[in-house]
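Following: one structure in structure tokens, then a few remarks.
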Amino acid sequence: MNPRRISYAECSARERLARLLDEGSFHEWLPPAERVTSPHLAQLGVPTSFDDGVAVGRAGLDGREVFVAAQEGAFMGGGVGEVHGAKLVGLLRRALRDRPDAVLLLAESGGVRLHEANAGLIAVSEVMRALLDVRAAGIPVIVLIGGANGCFGGMGIVAACADHIVISDLGRHAMSGPEVIEASSGVEEFDSRDRGLVWRTTGGKHRYLLGDCDQLVEDDVAAFRAAAIRALGSSRPLTLQALEAEHALLAARLALAQGEVDALALWRRLGITGAEQVPDARVPQIRAMRPNPQEQPA
Amino acid sequence: MKWQDVCEALFGPDHGIVEQDELLRGSAVFDGEPLDVLGTTHHAAIGYAMALRQARAVLDTVQRSPGRTLLLLVDTQGQRLRRHDELLGIHRAMAHLGCTVDLARRRGHRVLGLVYDQALSGGFITSGLLADACHALPEAEIRVMRLPAMARVTKLPQELLEQLSVANPVFAPGVENYVAMGGVASLWRGDLAEALRRSLAQLPAEDRRMLDGVARGGRKLAAATVQRVLDAA
């Protein structure tokens with residue numbers, strides 16, 4: 001690992017954009033100076049943000065033109081409200097019109113912003129439809145997950161609709177947060193304070209071993225940049241054949257996991273040797289463990 | 001309204017829709033044309049397995065009956081809240097379901113959603129909300145989360161939330177609010193068959209929910225924000 005690495009998890013959304021994209025290339029649409037904020041939060045007496053928690057714009061990545069969105073986890077946990085969601089939809093529709101080489105989504109979100117729940121829920125489905133339009137046009141949508149808040153709820157589903165997913169070992173990608181499951185189904189179902197259990201269930205290593213993402217990287221902005229560059233050109237059109245293949249894969253996984261297995265048992269059933277070493281293993285070791293390694297970084 | 005009553009009102013007593021473990025499936029004939037029905041009942045929790053069963057049904061319609069209209073009957077308590085579903089990747093299974101509905105639309109199937117009982121968050125995003133248009137019965141219920149849970153997560157007083165839920169469509173549960181925001185195209189009142197006929201005739205060619213939200217005054221900023229991103233220098 002690069003000893004002078006910069007933690008992706010500890011960066012703000014704007015720091016990630018500044019360091020991940022070609023230097024000085026990010027050009028923002030609706031920047032904070034335009035004060036595009038949520039009118040709904042003010043009504044609740046909750047502080048607003050001049051970008052409603054997401055920055056969108058165009059930039060260069062290794063000399064290629066990309067459209068990019070970065071969610072700010074420090075504001076409302078990256079939650080999607082009316083304006084936040086509309087900025088994402090606007091970016092995706094603009095991509096459909098202007099045809100950049102790729103769309104990058106630096107996702108960090110707990111999902112729908114409850115303070116404007118109905119608008120957020122509809123917005124997430126609009127983002128999904130807009131994303132699938134871009135994907136159908138052959139423009140790859142690349143999602144990067146490595147923020148402290150992970151990628152959950154509606155955004156977890158949106159991210160899973162992308163062509164290509166990069167995650168760090170600190171990243172988490174799932175649906176309901178452990179706290180929500182614990183509150184609803186009890187601590188014996190999911191102990192949200194058991195960090196090991198949380199990471200074995202939703203963390204980057206687990207997602208990579210299952211094949212739910214394409215690249216696993218260190219918590220390092222430079223590693224995310226290299227992974228995003230590798231992902232350029234990774235368009236995977238959603239054909240009937242592709243969805244039948246996806247269905248077969250997900251059905252086989254369900255059959256493999258019969259009997260409410262835990263992560264360790266599932267890894268063993270996947271044929272991973274040394275499965276018990278996964279929690280302590282470093283990223284390069286995990287990459288070597290995946291049963292059907294896809295394209296690996298050099 | 002029970003799903004049996006909905007199906008009988010739409011397709012008559014011999015509708016051919018059956019329930020198996022909370023999943024509704026079958027083919028009916030409407031105005032002389034075959035139509036596939038897919039839905040859930042008993043406020044089904046949408047877990048990994050249920051998402052796959054729904055996706056299979058959509059893929060079957062696409063494979064076996066190209067172009068056939070698909071009606072999604074929505075009744076769900078939302079995504080299944082279990083550790084095992086998270087372990088397996090429920091987000092990927094739900095995304096897969098959403099992608100199958102999206103594919104059906106792209107391949108020329110008309111896809112219509114109807115919330116006939118209850119729709120909550122994750123179970124709704126990947127079904128009715130991805131249809132060409134989603135409608136609801138007036139007595140149906142749509143929301144993201146119950147108010148006490150919402151108060152806990154947002155750390156806002158429940159009294160404030162209750163107060164807001166009376167007048168604020170962006171926040172409050174209820175089908176009328178979803179209509180005002182454009183998320184639900186219309187409420188089906190009276191003759192359900194006539195409502196289905198009208199809805200099929202008025203199917204939008206693109207996602208126009210933001211525009212409906214502006215026209216109906218329930219979601220005023222989304223469409224303008226999208227336009228500003230499109231026009232930005």
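By order in the structure tokens, chains are A, B, ...; within a chain, residues start at 1; ligands start at 1, following the order shown.
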
*Taking only C-alpha atoms into account, report as a PyMOL selection string which residues of chain B lie within 8 Å of chain A.*
chain B and resi 49+52+55-56+59+81-84+86-96+99-100+102-103+121-122+125-126+129-130+143-144+150+154+169-173+178+181+183+207+219+221-223+225-230+232-233

*asked:* So that I can check the surroundings of B:Gly47, please list as JSON, numbers by chain every protein, DNA and RNA residue that reaches within 7 Å of it, counting only C-alpha atoms and ignoring chain neighbours fewer than 5 positions away.
replied: {"B": [79, 80, 85, 90]}

*One decimal, Å: what's the distance from atom CA of B:Leu114 over to atom CA of B:Gly213, could you say?*
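Those two atoms sit 18.6 Å apart.
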
Run DSSP on the backbone and grab whatever in stretch 64-296 of chain A lands in helix (DSSP H, G or I); send it over as a short mmCIF file (atom, residue, chain, number, x, y, z; two decimals) with N, CA and C atoms, in the first residue's frame.
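Result file result22.cif:
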data_model
loop_
_atom_site.label_atom_id
_atom_site.label_comp_id
_atom_site.auth_asym_id
_atom_site.auth_seq_id
_atom_site.Cartn_x
_atom_site.Cartn_y
_atom_site.Cartn_z
N MET A 76 -26.90 15.00 5.80
CA MET A 76 -28.08 14.13 5.83
C MET A 76 -27.74 12.69 5.42
N GLY A 77 -26.52 12.28 5.69
CA GLY A 77 -26.12 10.91 5.34
C GLY A 77 -26.20 10.61 3.86
N GLY A 78 -26.12 11.66 3.04
CA GLY A 78 -26.22 11.45 1.58
C GLY A 78 -27.64 11.12 1.13
N GLU A 82 -35.88 15.74 -2.89
CA GLU A 82 -36.39 16.16 -4.20
C GLU A 82 -35.31 16.78 -5.08
N VAL A 83 -34.57 17.77 -4.53
CA VAL A 83 -33.57 18.47 -5.33
C VAL A 83 -32.35 17.58 -5.60
N HIS A 84 -31.88 16.92 -4.56
CA HIS A 84 -30.73 16.00 -4.68
C HIS A 84 -31.00 14.98 -5.80
N GLY A 85 -32.17 14.35 -5.73
CA GLY A 85 -32.53 13.35 -6.74
C GLY A 85 -32.63 13.95 -8.12
N ALA A 86 -33.22 15.16 -8.21
CA ALA A 86 -33.38 15.81 -9.52
C ALA A 86 -32.03 16.17 -10.13
N LYS A 87 -31.04 16.52 -9.30
CA LYS A 87 -29.71 16.80 -9.84
C LYS A 87 -29.11 15.53 -10.46
N LEU A 88 -29.33 14.39 -9.81
CA LEU A 88 -28.85 13.12 -10.37
C LEU A 88 -29.56 12.80 -11.69
N VAL A 89 -30.89 12.98 -11.69
CA VAL A 89 -31.66 12.72 -12.92
C VAL A 89 -31.19 13.66 -14.03
N GLY A 90 -30.99 14.94 -13.69
CA GLY A 90 -30.53 15.91 -14.69
C GLY A 90 -29.19 15.51 -15.29
N LEU A 91 -28.28 15.06 -14.44
CA LEU A 91 -26.96 14.63 -14.93
C LEU A 91 -27.11 13.46 -15.90
N LEU A 92 -27.94 12.48 -15.52
CA LEU A 92 -28.11 11.28 -16.35
C LEU A 92 -28.80 11.62 -17.67
N ARG A 93 -29.81 12.50 -17.62
CA ARG A 93 -30.48 12.88 -18.88
C ARG A 93 -29.54 13.68 -19.77
N ARG A 94 -28.70 14.50 -19.14
CA ARG A 94 -27.72 15.25 -19.93
C ARG A 94 -26.72 14.29 -20.58
N ALA A 95 -26.37 13.24 -19.85
CA ALA A 95 -25.46 12.24 -20.42
C ALA A 95 -26.09 11.55 -21.62
N LEU A 96 -27.37 11.30 -21.52
CA LEU A 96 -28.08 10.67 -22.64
C LEU A 96 -28.06 11.59 -23.86
N ARG A 97 -28.14 12.89 -23.62
CA ARG A 97 -28.14 13.87 -24.71
C ARG A 97 -26.73 14.11 -25.27
N ASP A 98 -25.74 14.27 -24.38
CA ASP A 98 -24.41 14.72 -24.80
C ASP A 98 -23.39 13.59 -24.99
N LEU A 114 -35.54 10.87 4.75
CA LEU A 114 -36.86 10.72 5.38
C LEU A 114 -37.58 12.05 5.58
N HIS A 115 -36.82 13.13 5.70
CA HIS A 115 -37.43 14.44 5.91
C HIS A 115 -38.30 14.89 4.75
N GLU A 116 -38.08 14.32 3.59
CA GLU A 116 -38.92 14.59 2.42
C GLU A 116 -39.16 13.26 1.72
N ALA A 117 -39.71 12.34 2.51
CA ALA A 117 -39.73 10.92 2.15
C ALA A 117 -40.41 10.62 0.82
N ASN A 118 -41.59 11.18 0.62
CA ASN A 118 -42.33 10.84 -0.61
C ASN A 118 -41.59 11.31 -1.85
N ALA A 119 -41.09 12.54 -1.78
CA ALA A 119 -40.36 13.09 -2.93
C ALA A 119 -39.09 12.27 -3.18
N GLY A 120 -38.43 11.85 -2.09
CA GLY A 120 -37.20 11.06 -2.22
C GLY A 120 -37.46 9.69 -2.83
N LEU A 121 -38.56 9.07 -2.42
CA LEU A 121 -38.88 7.74 -2.94
C LEU A 121 -39.15 7.79 -4.44
N ILE A 122 -39.95 8.76 -4.85
CA ILE A 122 -40.23 8.90 -6.29
C ILE A 122 -38.94 9.24 -7.03
N ALA A 123 -38.14 10.14 -6.42
CA ALA A 123 -36.88 10.56 -7.07
C ALA A 123 -35.96 9.37 -7.31
N VAL A 124 -35.86 8.47 -6.33
CA VAL A 124 -34.97 7.31 -6.50
C VAL A 124 -35.42 6.47 -7.70
N SER A 125 -36.73 6.31 -7.87
CA SER A 125 -37.18 5.52 -9.03
C SER A 125 -36.93 6.28 -10.33
N GLU A 126 -36.96 7.60 -10.28
CA GLU A 126 -36.63 8.39 -11.47
C GLU A 126 -35.14 8.28 -11.80
N VAL A 127 -34.31 8.25 -10.76
CA VAL A 127 -32.87 8.06 -10.98
C VAL A 127 -32.62 6.70 -11.62
N MET A 128 -33.31 5.66 -11.10
CA MET A 128 -33.15 4.32 -11.68
C MET A 128 -33.49 4.29 -13.15
N ARG A 129 -34.63 4.88 -13.49
CA ARG A 129 -35.05 4.86 -14.90
C ARG A 129 -34.08 5.64 -15.77
N ALA A 130 -33.63 6.80 -15.27
CA ALA A 130 -32.68 7.61 -16.05
C ALA A 130 -31.35 6.88 -16.21
N LEU A 131 -30.91 6.20 -15.15
CA LEU A 131 -29.65 5.45 -15.21
C LEU A 131 -29.75 4.32 -16.23
N LEU A 132 -30.88 3.61 -16.21
CA LEU A 132 -31.03 2.49 -17.15
C LEU A 132 -31.15 2.98 -18.59
N ASP A 133 -31.66 4.20 -18.79
CA ASP A 133 -31.66 4.80 -20.13
C ASP A 133 -30.23 5.02 -20.61
N VAL A 134 -29.39 5.55 -19.72
CA VAL A 134 -27.99 5.82 -20.07
C VAL A 134 -27.27 4.51 -20.37
N ARG A 135 -27.53 3.53 -19.53
CA ARG A 135 -26.90 2.22 -19.72
C ARG A 135 -27.34 1.60 -21.05
N ALA A 136 -28.63 1.73 -21.35
CA ALA A 136 -29.14 1.16 -22.60
C ALA A 136 -28.54 1.85 -23.82
N GLY A 153 -30.24 1.45 1.02
CA GLY A 153 -31.59 1.82 0.67
C GLY A 153 -31.77 1.94 -0.84
N GLY A 154 -32.55 2.95 -1.23
CA GLY A 154 -32.79 3.14 -2.65
C GLY A 154 -31.52 3.34 -3.44
N MET A 155 -30.51 4.00 -2.85
CA MET A 155 -29.25 4.18 -3.57
C MET A 155 -28.49 2.87 -3.70
N GLY A 156 -28.70 1.96 -2.75
CA GLY A 156 -28.11 0.63 -2.87
C GLY A 156 -28.64 -0.08 -4.10
N ILE A 157 -29.94 0.09 -4.35
CA ILE A 157 -30.55 -0.51 -5.55
C ILE A 157 -30.06 0.20 -6.80
N VAL A 158 -30.03 1.54 -6.77
CA VAL A 158 -29.55 2.31 -7.92
C VAL A 158 -28.14 1.85 -8.31
N ALA A 159 -27.26 1.76 -7.29
CA ALA A 159 -25.87 1.36 -7.56
C ALA A 159 -25.80 -0.02 -8.20
N ALA A 160 -26.69 -0.91 -7.76
CA ALA A 160 -26.67 -2.29 -8.29
C ALA A 160 -27.20 -2.34 -9.72
N PRO A 178 -27.91 -1.98 9.30
CA PRO A 178 -28.02 -2.91 10.43
C PRO A 178 -28.86 -2.35 11.58
N GLU A 179 -28.81 -1.03 11.78
CA GLU A 179 -29.61 -0.43 12.87
C GLU A 179 -31.10 -0.59 12.60
N VAL A 180 -31.48 -0.43 11.35
CA VAL A 180 -32.90 -0.57 10.99
C VAL A 180 -33.37 -2.00 11.20
N ILE A 181 -32.52 -2.95 10.80
CA ILE A 181 -32.90 -4.36 10.95
C ILE A 181 -32.96 -4.72 12.43
N GLU A 182 -31.99 -4.23 13.19
CA GLU A 182 -32.00 -4.52 14.63
C GLU A 182 -33.26 -3.94 15.29
N ALA A 183 -33.61 -2.70 14.92
CA ALA A 183 -34.79 -2.06 15.51
C ALA A 183 -36.06 -2.80 15.16
N SER A 184 -36.08 -3.40 13.97
CA SER A 184 -37.32 -4.04 13.51
C SER A 184 -37.39 -5.52 13.87
N SER A 185 -36.26 -6.22 13.83
CA SER A 185 -36.29 -7.67 13.99
C SER A 185 -35.52 -8.15 15.23
N ARG A 195 -19.24 -4.94 14.83
CA ARG A 195 -18.65 -4.41 13.59
C ARG A 195 -18.20 -5.52 12.65
N GLY A 196 -17.66 -6.59 13.22
CA GLY A 196 -17.21 -7.70 12.38
C GLY A 196 -18.37 -8.30 11.60
N LEU A 197 -19.48 -8.49 12.31
CA LEU A 197 -20.68 -9.07 11.68
C LEU A 197 -21.21 -8.14 10.58
N VAL A 198 -21.23 -6.83 10.89
CA VAL A 198 -21.72 -5.86 9.91
C VAL A 198 -20.88 -5.93 8.63
N TRP A 199 -19.55 -5.98 8.79
CA TRP A 199 -18.69 -5.99 7.60
C TRP A 199 -18.76 -7.33 6.86
N ARG A 200 -18.89 -8.43 7.60
CA ARG A 200 -19.02 -9.73 6.93
C ARG A 200 -20.32 -9.81 6.13
N THR A 201 -21.31 -9.03 6.51
CA THR A 201 -22.63 -9.11 5.87
C THR A 201 -22.79 -8.12 4.72
N THR A 202 -22.15 -6.95 4.85
CA THR A 202 -22.40 -5.89 3.87
C THR A 202 -21.13 -5.27 3.29
N GLY A 204 -17.17 -4.47 1.73
CA GLY A 204 -16.56 -4.60 0.41
C GLY A 204 -15.97 -5.97 0.11
N LYS A 205 -15.29 -6.55 1.08
CA LYS A 205 -14.68 -7.87 0.84
C LYS A 205 -15.75 -8.91 0.52
N HIS A 206 -16.82 -8.91 1.33
CA HIS A 206 -17.91 -9.87 1.12
C HIS A 206 -18.55 -9.66 -0.24
N ARG A 207 -18.82 -8.40 -0.57
CA ARG A 207 -19.44 -8.11 -1.87
C ARG A 207 -18.54 -8.59 -3.02
N TYR A 208 -17.24 -8.40 -2.85
CA TYR A 208 -16.31 -8.81 -3.90
C TYR A 208 -16.27 -10.33 -4.03
N LEU A 209 -16.21 -11.02 -2.90
CA LEU A 209 -16.15 -12.49 -2.94
C LEU A 209 -17.41 -13.08 -3.57
N LEU A 210 -18.55 -12.43 -3.33
CA LEU A 210 -19.81 -12.90 -3.92
C LEU A 210 -19.92 -12.56 -5.40
N VAL A 221 -7.65 7.17 -2.43
CA VAL A 221 -8.24 7.90 -3.56
C VAL A 221 -7.55 7.53 -4.87
N ALA A 222 -6.21 7.36 -4.83
CA ALA A 222 -5.48 7.02 -6.05
C ALA A 222 -5.90 5.65 -6.57
N ALA A 223 -6.20 4.72 -5.66
CA ALA A 223 -6.64 3.38 -6.07
C ALA A 223 -8.03 3.46 -6.73
N PHE A 224 -8.90 4.33 -6.18
CA PHE A 224 -10.22 4.52 -6.80
C PHE A 224 -10.07 5.13 -8.19
N ARG A 225 -9.14 6.09 -8.31
CA ARG A 225 -8.93 6.72 -9.63
C ARG A 225 -8.47 5.68 -10.65
N ALA A 226 -7.50 4.87 -10.25
CA ALA A 226 -6.99 3.84 -11.17
C ALA A 226 -8.10 2.86 -11.55
N ALA A 227 -8.92 2.50 -10.57
CA ALA A 227 -10.01 1.55 -10.84
C ALA A 227 -11.04 2.17 -11.78
N ALA A 228 -11.35 3.46 -11.58
CA ALA A 228 -12.33 4.13 -12.45
C ALA A 228 -11.80 4.20 -13.88
N ILE A 229 -10.51 4.46 -14.02
CA ILE A 229 -9.91 4.51 -15.37
C ILE A 229 -10.00 3.13 -16.03
N ARG A 230 -9.71 2.08 -15.23
CA ARG A 230 -9.82 0.72 -15.79
C ARG A 230 -11.25 0.41 -16.22
N ALA A 231 -12.23 1.03 -15.54
CA ALA A 231 -13.63 0.70 -15.82
C ALA A 231 -14.18 1.45 -17.03
N LEU A 240 -32.08 -9.32 -22.81
CA LEU A 240 -32.84 -10.42 -22.21
C LEU A 240 -31.88 -11.55 -21.81
N GLN A 241 -30.93 -11.82 -22.68
CA GLN A 241 -29.94 -12.86 -22.39
C GLN A 241 -29.13 -12.52 -21.13
N ALA A 242 -28.72 -11.26 -21.01
CA ALA A 242 -27.94 -10.84 -19.84
C ALA A 242 -28.75 -10.97 -18.57
N LEU A 243 -30.04 -10.62 -18.63
CA LEU A 243 -30.87 -10.71 -17.43
C LEU A 243 -31.20 -12.17 -17.08
N GLU A 244 -31.30 -13.04 -18.07
CA GLU A 244 -31.47 -14.47 -17.78
C GLU A 244 -30.22 -15.01 -17.09
N ALA A 245 -29.06 -14.56 -17.53
CA ALA A 245 -27.80 -15.01 -16.90
C ALA A 245 -27.72 -14.49 -15.46
N GLU A 246 -28.10 -13.24 -15.26
CA GLU A 246 -28.13 -12.67 -13.91
C GLU A 246 -29.10 -13.45 -13.03
N HIS A 247 -30.24 -13.80 -13.60
CA HIS A 247 -31.25 -14.53 -12.83
C HIS A 247 -30.71 -15.89 -12.40
N ALA A 248 -30.07 -16.57 -13.33
CA ALA A 248 -29.52 -17.90 -13.02
C ALA A 248 -28.48 -17.80 -11.91
N LEU A 249 -27.65 -16.76 -11.97
CA LEU A 249 -26.61 -16.56 -10.95
C LEU A 249 -27.24 -16.32 -9.57
N LEU A 250 -28.24 -15.45 -9.53
CA LEU A 250 -28.87 -15.12 -8.24
C LEU A 250 -29.66 -16.31 -7.69
N ALA A 251 -30.29 -17.09 -8.57
CA ALA A 251 -31.04 -18.27 -8.13
C ALA A 251 -30.08 -19.34 -7.59
N ALA A 252 -28.94 -19.50 -8.25
CA ALA A 252 -27.95 -20.48 -7.78
C ALA A 252 -27.42 -20.09 -6.40
N ARG A 253 -27.25 -18.79 -6.19
CA ARG A 253 -26.78 -18.31 -4.90
C ARG A 253 -27.79 -18.63 -3.80
N LEU A 254 -29.06 -18.44 -4.10
CA LEU A 254 -30.12 -18.74 -3.13
C LEU A 254 -30.10 -20.21 -2.76
N ALA A 255 -29.92 -21.07 -3.76
CA ALA A 255 -29.87 -22.51 -3.51
C ALA A 255 -28.65 -22.86 -2.67
N LEU A 256 -27.55 -22.19 -2.95
CA LEU A 256 -26.29 -22.46 -2.24
C LEU A 256 -26.40 -22.06 -0.76
N ALA A 263 -21.95 -15.69 6.98
CA ALA A 263 -21.01 -15.32 5.91
C ALA A 263 -19.93 -16.38 5.72
N LEU A 264 -19.36 -16.84 6.83
CA LEU A 264 -18.26 -17.80 6.73
C LEU A 264 -18.70 -19.07 6.01
N ALA A 265 -19.87 -19.58 6.39
CA ALA A 265 -20.37 -20.80 5.74
C ALA A 265 -20.64 -20.56 4.26
N LEU A 266 -21.17 -19.36 3.95
CA LEU A 266 -21.45 -19.05 2.55
C LEU A 266 -20.16 -18.99 1.73
N TRP A 267 -19.13 -18.36 2.30
CA TRP A 267 -17.84 -18.30 1.58
C TRP A 267 -17.31 -19.71 1.33
N ARG A 268 -17.43 -20.58 2.34
CA ARG A 268 -16.95 -21.96 2.17
C ARG A 268 -17.72 -22.66 1.07
N ARG A 269 -19.04 -22.48 1.08
CA ARG A 269 -19.86 -23.12 0.05
C ARG A 269 -19.54 -22.57 -1.35
N ALA A 275 -11.38 -19.50 3.94
CA ALA A 275 -12.47 -18.55 4.16
C ALA A 275 -12.37 -17.90 5.54
N GLU A 276 -11.89 -18.66 6.53
CA GLU A 276 -11.82 -18.12 7.89
C GLU A 276 -10.79 -16.98 7.99
N GLN A 277 -9.92 -16.85 6.98
CA GLN A 277 -8.92 -15.77 7.01
C GLN A 277 -9.42 -14.47 6.39
N VAL A 278 -10.61 -14.52 5.82
CA VAL A 278 -11.12 -13.33 5.09
C VAL A 278 -11.13 -12.06 5.95
N PRO A 279 -11.67 -12.13 7.20
CA PRO A 279 -11.76 -10.88 7.97
C PRO A 279 -10.41 -10.19 8.17
N ASP A 280 -9.33 -10.95 8.26
CA ASP A 280 -8.01 -10.35 8.50
C ASP A 280 -7.21 -10.14 7.22
N VAL A 283 -6.45 -6.57 0.94
CA VAL A 283 -7.14 -6.51 -0.36
C VAL A 283 -6.51 -7.44 -1.41
N PRO A 284 -5.18 -7.43 -1.58
CA PRO A 284 -4.61 -8.31 -2.63
C PRO A 284 -4.90 -9.79 -2.38
N GLN A 285 -4.90 -10.20 -1.10
CA GLN A 285 -5.22 -11.61 -0.79
C GLN A 285 -6.67 -11.92 -1.15
N ILE A 286 -7.58 -10.99 -0.82
CA ILE A 286 -9.00 -11.20 -1.11
C ILE A 286 -9.20 -11.34 -2.62
N ARG A 287 -8.49 -10.51 -3.39
CA ARG A 287 -8.63 -10.58 -4.85
C ARG A 287 -8.26 -11.97 -5.35
N ALA A 288 -7.26 -12.56 -4.73
CA ALA A 288 -6.81 -13.88 -5.18
C ALA A 288 -7.77 -14.99 -4.74
N MET A 289 -8.63 -14.69 -3.77
CA MET A 289 -9.53 -15.72 -3.23
C MET A 289 -10.81 -15.89 -4.04
#

_Expected answer as number ranges by chain: strand (DSSP E or B) residues in stretch 1-213 of chain B_ = B: 18-20, 23-30, 33-40, 44-46, 69-74, 76-79, 111-115, 118-120, 133-136, 141-143, 187

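With only C-alpha atoms taken into account, the protein and nucleic acid residues at most 10 Å from B:Gly108 (excluding it and anything under 6 positions from it in its own chain) are Val62, Pro66, Gly67, Arg68 and Thr69 of chain B.
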
Write out as a PDB file with C-alpha atoms, in the first residue's frame which residues come within 8 Å of A:Ile139 when counting only C-alpha atoms, dropping same-chain ones fewer than 5 positions away.
ATOM      1  CA  ARG A  99     -22.882  11.196 -24.802  1.00  0.00           C
ATOM      2  CA  PRO A 100     -19.805  11.442 -22.571  1.00  0.00           C
ATOM      3  CA  ASP A 101     -17.420   8.457 -22.421  1.00  0.00           C
ATOM      4  CA  ALA A 102     -18.848   7.411 -19.050  1.00  0.00           C
ATOM      5  CA  VAL A 103     -20.896   8.503 -16.056  1.00  0.00           C
ATOM      6  CA  VAL A 134     -27.988   5.817 -20.068  1.00  0.00           C
ATOM      7  CA  SER A 235     -20.489  -0.941 -20.943  1.00  0.00           C
TER       8      SER A 235
END
